[in-house]
Amino acid sequence: MPPQSSAPIILDPTGADHHGEHERLRGHGSAVRVDVLGVTAWSVSDPALLKKLLTSPDVSKDARAHWPALSEVVETWPLALWVGVSNMFTAYGADHRRLRRIVAPAFAARRMAALTCVVETVVTAILDDLDTLPAGETVDLRERLAYPLPIAVIGHLMGVPADQRADFRGVVDGVFDTTQTSGEQAVNTARLYEALDALIVSKRNEPGDDMTSLLIAARDDEGDGVGLSDAELRDTLLLMISAGYETTVNVIDQAVSLLLSHPEQLGRIRAGRADWNDVVEETLRLEPAVKHLPMRFAVADIKLPDGQTIAQGDAILASYAAANRHPGWHGETADAFDIGRVSKDHLAFGHGVHFCLGAPLARLELATSLRMLFGRFPQLELAVPADELQPLGSLISNGHQTLPVRLRPPTA
């Protein structure tokens with residue numbers, strides 16, 4: 001049996017050495033108690049156990065119903081928003097099925113097909129702008145590509161007016177920042193709901209063919225208890241905008257940095273021995289957008305294979321990044337970036353009933369942006385050594401603070 005920690009492992013809120021931290025978690029077996037900004041939870045990093053828990057009726061995401069500690073921490077825990085919202089992210093059982101059914105049309109095949117042209121148009125405009133820069137100039141590609149693409153696409157899908165998108169960017173970044181105090185998070189949450197309320201007002205006044213208008217109609221027109229409550233409407237918009245934005249930013253960032261620091265893998269693409277979808281899936285496996293996803297809760301006592309017990313009411317942290325690199329799943333090369341890897345399996349989009357509805361859109365944005373970026377700038381290179389790229393200040397969000405690159409080498 002792996003060594004067990006008597007005290008919870010304190011997770012670093014800055015994510016400074018997340019790879020080392022994930023290795024430490026795996027070294028304690030399939031699950032180990034951790035401290036998440038002052039709250040104790042079970043980190044599950046074994047993929048087989050994690051998949052089992054994510055599909056078990058004995059595990060819930062509804063903190064109000066299944067987390068006795070909620071009332072003690074909700075006022076002081078910086079991540080209170082992650083468990084306090086009322087949407088399908090925190091729903092359980094029939095409530096989750098109802099909310100997911102309302103949201104699912106946003107990601108229907110018809111809408112995804114229509115978004116292909118939108119994504120290509122946005123990427124083209126971004127690259128045209130970058131193409132005007134002098135050769136050799138350093139540019140932050142996270143700021144100039146990874147950010148504007150998903151915010152434009154989710155803005156189009158949700159009908160967020162262009163003049164409101166900057167407000168959402170700032171407050172969504174704050175949601176994923178685990179270095180903030182509970183007071184700072186409370187201020188950020190207030191600003192977030194102000195932005196959501198402004199969006200609701202604007203779309204009630206001028207509805208369109210967008211998901212926000214459809215959700216508002218579901219709220220206003222349904223009187224049989226199956227529609228959205230006021231809180232569910234706001235929090236569903238929050239979920240769709242934040243999940244469709246921050247996560248895609250991170251994976252574009254990670255995919256570009258991995259390709260530029262592994263030229264032999266990029267060479268396989270250029271030689272036709274792999275395609276951009278291979279890059280997308282391997283990036284999602286090796287560097288998923290979300291490292292740890294809070295929280296789930298035990299509805300009943302759960303006996304683990306190693307003899308430990310997750311007690312009823314205990315919090316559970318899905319440690320996706322650690323699971324994706326588990327050597328029991330991907331062998332001795334689990335830590336390597338290999339776009340030709342036979343197994344494409346990963347948990348970057350979750351598993352079970354909470355599997356991410358936006359996965360097809362994220363994959364579309366990733367493959368399109370990479371194909372077009374490297375096609376336009378074949379001499380693209382990192383402007384700093386890869387080991388000097390600084391991680392975001394987050395134990396949740398997995399990206400870099402900046403991604404400095406040169407689109408073309410300096411002219412002779």
# chains A, B, ... in the order shown; residues from 1 in each chain; ligands from 1

$ residues_around --residues "Arg100 of chain A" --least-positions-apart "5" --cutoff "10 Å" --atoms "only C-alpha atoms" --output "PyMOL selection string"
chain A and resi 87-89+91+94-95+105+236+353-354+357

$ write_last_selection --atoms "all heavy atoms" --output "short mmCIF file (atom, residue, chain, number, x, y, z; two decimals), in the first residue's frame"
data_model
loop_
_atom_site.label_atom_id
_atom_site.label_comp_id
_atom_site.auth_asym_id
_atom_site.auth_seq_id
_atom_site.Cartn_x
_atom_site.Cartn_y
_atom_site.Cartn_z
N ASN A 87 -26.68 25.88 -11.19
CA ASN A 87 -26.73 25.51 -12.60
C ASN A 87 -26.37 24.04 -12.73
O ASN A 87 -26.21 23.35 -11.71
CB ASN A 87 -25.80 26.41 -13.44
CG ASN A 87 -24.35 26.40 -12.96
OD1 ASN A 87 -23.86 25.38 -12.47
ND2 ASN A 87 -23.67 27.53 -13.09
N MET A 88 -26.23 23.56 -13.95
CA MET A 88 -26.01 22.12 -14.10
C MET A 88 -24.64 21.68 -13.58
O MET A 88 -24.43 20.49 -13.31
CB MET A 88 -26.20 21.70 -15.55
CG MET A 88 -25.17 22.20 -16.53
SD MET A 88 -25.53 21.60 -18.20
CE MET A 88 -24.11 22.21 -19.08
N PHE A 89 -23.71 22.64 -13.41
CA PHE A 89 -22.39 22.30 -12.86
C PHE A 89 -22.50 21.78 -11.43
O PHE A 89 -21.72 20.92 -11.02
CB PHE A 89 -21.51 23.55 -12.90
CG PHE A 89 -20.11 23.34 -12.39
CD1 PHE A 89 -19.15 22.74 -13.18
CD2 PHE A 89 -19.74 23.76 -11.12
CE1 PHE A 89 -17.85 22.55 -12.72
CE2 PHE A 89 -18.45 23.58 -10.64
CZ PHE A 89 -17.51 22.97 -11.44
N ALA A 91 -25.54 20.64 -10.09
CA ALA A 91 -26.80 19.91 -9.94
C ALA A 91 -26.57 18.40 -9.83
O ALA A 91 -25.54 17.88 -10.27
CB ALA A 91 -27.73 20.22 -11.10
N ALA A 94 -32.13 14.39 -11.00
CA ALA A 94 -33.15 14.90 -11.90
C ALA A 94 -32.93 16.38 -12.22
O ALA A 94 -33.19 16.83 -13.35
CB ALA A 94 -34.54 14.70 -11.28
N ASP A 95 -32.47 17.15 -11.24
CA ASP A 95 -32.19 18.57 -11.50
C ASP A 95 -31.12 18.74 -12.57
O ASP A 95 -31.22 19.62 -13.44
CB ASP A 95 -31.73 19.27 -10.20
CG ASP A 95 -32.88 19.96 -9.50
OD1 ASP A 95 -33.95 20.12 -10.12
OD2 ASP A 95 -32.71 20.34 -8.33
N PRO A 105 -29.28 22.37 -26.51
CA PRO A 105 -29.46 22.90 -27.88
C PRO A 105 -28.39 23.90 -28.31
O PRO A 105 -28.17 24.07 -29.51
CB PRO A 105 -30.84 23.57 -27.80
CG PRO A 105 -31.57 22.82 -26.73
CD PRO A 105 -30.53 22.48 -25.72
N THR A 236 -26.47 29.78 -15.13
CA THR A 236 -26.25 29.02 -16.37
C THR A 236 -25.48 29.87 -17.37
O THR A 236 -24.58 29.38 -18.06
CB THR A 236 -27.59 28.55 -16.96
OG1 THR A 236 -28.22 27.64 -16.03
CG2 THR A 236 -27.38 27.84 -18.29
N VAL A 353 -22.01 11.92 -16.50
CA VAL A 353 -23.13 12.81 -16.82
C VAL A 353 -22.71 14.28 -16.88
O VAL A 353 -23.40 15.10 -17.49
CB VAL A 353 -24.29 12.64 -15.80
CG1 VAL A 353 -24.86 11.24 -15.87
CG2 VAL A 353 -23.84 12.97 -14.39
N HIS A 354 -21.59 14.62 -16.25
CA HIS A 354 -21.12 16.01 -16.28
C HIS A 354 -20.07 16.24 -17.37
O HIS A 354 -19.39 17.27 -17.35
CB HIS A 354 -20.55 16.40 -14.92
CG HIS A 354 -21.61 16.68 -13.89
ND1 HIS A 354 -22.24 17.90 -13.80
CD2 HIS A 354 -22.14 15.89 -12.93
CE1 HIS A 354 -23.12 17.86 -12.81
NE2 HIS A 354 -23.08 16.66 -12.27
N LEU A 357 -20.40 19.71 -22.28
CA LEU A 357 -21.20 19.86 -23.50
C LEU A 357 -20.46 20.64 -24.57
O LEU A 357 -20.70 20.47 -25.77
CB LEU A 357 -22.51 20.59 -23.17
CG LEU A 357 -23.68 19.75 -22.66
CD1 LEU A 357 -24.81 20.67 -22.22
CD2 LEU A 357 -24.18 18.79 -23.73
#

$ residues_around --residues "segment 146-162 of chain A" --least-positions-apart "6" --cutoff "7 Å" --atoms "only C-alpha atoms" --output "ChimeraX atom specification"
/A:119,122-123,199,210-212,241,244-245,248-249,252-253

$ residues_around --residues "Val39 of chain A" --least-positions-apart "2" --cutoff "9 Å" --atoms "only C-alpha atoms" --output "ChimeraX atom specification"
/A:34-37,41,73,77,315

$ write_last_selection --atoms "N, CA and C atoms" --output "short mmCIF file (atom, residue, chain, number, x, y, z; two decimals), in the first residue's frame"
data_model
loop_
_atom_site.label_atom_id
_atom_site.label_comp_id
_atom_site.auth_asym_id
_atom_site.auth_seq_id
_atom_site.Cartn_x
_atom_site.Cartn_y
_atom_site.Cartn_z
N VAL A 34 -6.38 16.28 0.86
CA VAL A 34 -5.65 17.50 0.53
C VAL A 34 -6.35 18.69 1.16
N ASP A 35 -5.58 19.75 1.31
CA ASP A 35 -6.11 21.03 1.79
C ASP A 35 -6.26 21.96 0.59
N VAL A 36 -7.50 22.34 0.30
CA VAL A 36 -7.80 23.21 -0.83
C VAL A 36 -8.19 24.58 -0.28
N LEU A 37 -7.20 25.44 -0.12
CA LEU A 37 -7.43 26.79 0.42
C LEU A 37 -8.18 26.75 1.75
N ALA A 41 -10.37 17.94 1.41
CA ALA A 41 -11.07 17.13 0.41
C ALA A 41 -10.22 15.93 0.06
N VAL A 73 -18.17 27.21 5.62
CA VAL A 73 -17.10 27.75 4.79
C VAL A 73 -17.57 28.75 3.74
N TRP A 77 -14.54 30.94 2.32
CA TRP A 77 -13.73 30.15 1.39
C TRP A 77 -13.65 30.86 0.05
N ALA A 315 -15.80 16.03 0.95
CA ALA A 315 -15.60 16.65 -0.36
C ALA A 315 -14.60 15.85 -1.18
#

$ residues_around --residues "His18 of chain A" --least-positions-apart "5" --cutoff "12 Å" --atoms "only C-alpha atoms" --output "MDAnalysis selection string"
chainID A and resid 11:13 23:25 287:288 290:292 319:322 390:399

$ residues_around --residues "Lys51 of chain A" --least-positions-apart "4" --cutoff "7 Å" --atoms "only C-alpha atoms" --output "NGL selection string"
:A and (47 or 55 or 351)

$ select_by_dssp --residues "segment 163-355 of chain A" --states "strand (DSSP E or B)" --output "list in words"
Val290, Leu293, Pro294, Met295, Arg296, Phe297, Ala298, Ile302, Lys303, Thr309, Ile310, Ala315, Ile316, Leu317 and Ala318 of chain A

$ residues_around --residues "Lys61 of chain A" --least-positions-apart "2" --cutoff "12 Å" --atoms "only C-alpha atoms" --output "ChimeraX atom specification"
/A:53-59,63-67,82-93,95-96,293-299,313-318,353-354

$ atom_distance --atom1 "atom CA of Met240 of chain A" --atom2 "atom CA of Asp163 of chain A"
18.5 Å

$ residues_around --residues "Phe349 of chain A" --least-positions-apart "5" --cutoff "8 Å" --atoms "only C-alpha atoms" --output "short mmCIF file (atom, residue, chain, number, x, y, z; two decimals) with C-alpha atoms, in the first residue's frame"
data_model
loop_
_atom_site.label_atom_id
_atom_site.label_comp_id
_atom_site.auth_asym_id
_atom_site.auth_seq_id
_atom_site.Cartn_x
_atom_site.Cartn_y
_atom_site.Cartn_z
CA PHE A 355 -19.00 15.52 -19.43
CA CYS A 356 -18.49 18.96 -20.98
CA ALA A 359 -16.16 19.79 -26.01
#

$ closest_residue --among "A:Ala218, A:Ile200, A:Leu347, A:Val251" --to "Leu366 of chain A" --atoms "only C-alpha atoms"
A:Val251

$ closest_residue --among "A:Thr116, A:Asn324, A:Thr178, A:Gln185" --to "Pro360 of chain A" --atoms "only C-alpha atoms"
A:Thr116

$ closest_residue --among "A:Asp173, A:Leu81, A:Gly340, A:Val384" --to "Asp275 of chain A" --atoms "only C-alpha atoms"
A:Gly340

$ closest_residue --among "A:Asp177, A:Glu388, A:Glu206, A:Asp197" --to "Leu237 of chain A" --atoms "only C-alpha atoms"
A:Asp197

$ closest_residue --among "A:Ala135, A:Val171, A:Ala289, A:Ala255" --to "Ser242 of chain A" --atoms "only C-alpha atoms"
A:Val171

$ atom_distance --atom1 "atom CA of Arg142 of chain A" --atom2 "atom CA of Gln254 of chain A"
9.5 Å

$ closest_residue --among "A:Ala243, A:Ala367, A:Leu304, A:Leu215" --to "Asp230 of chain A" --atoms "only C-alpha atoms"
A:Leu215
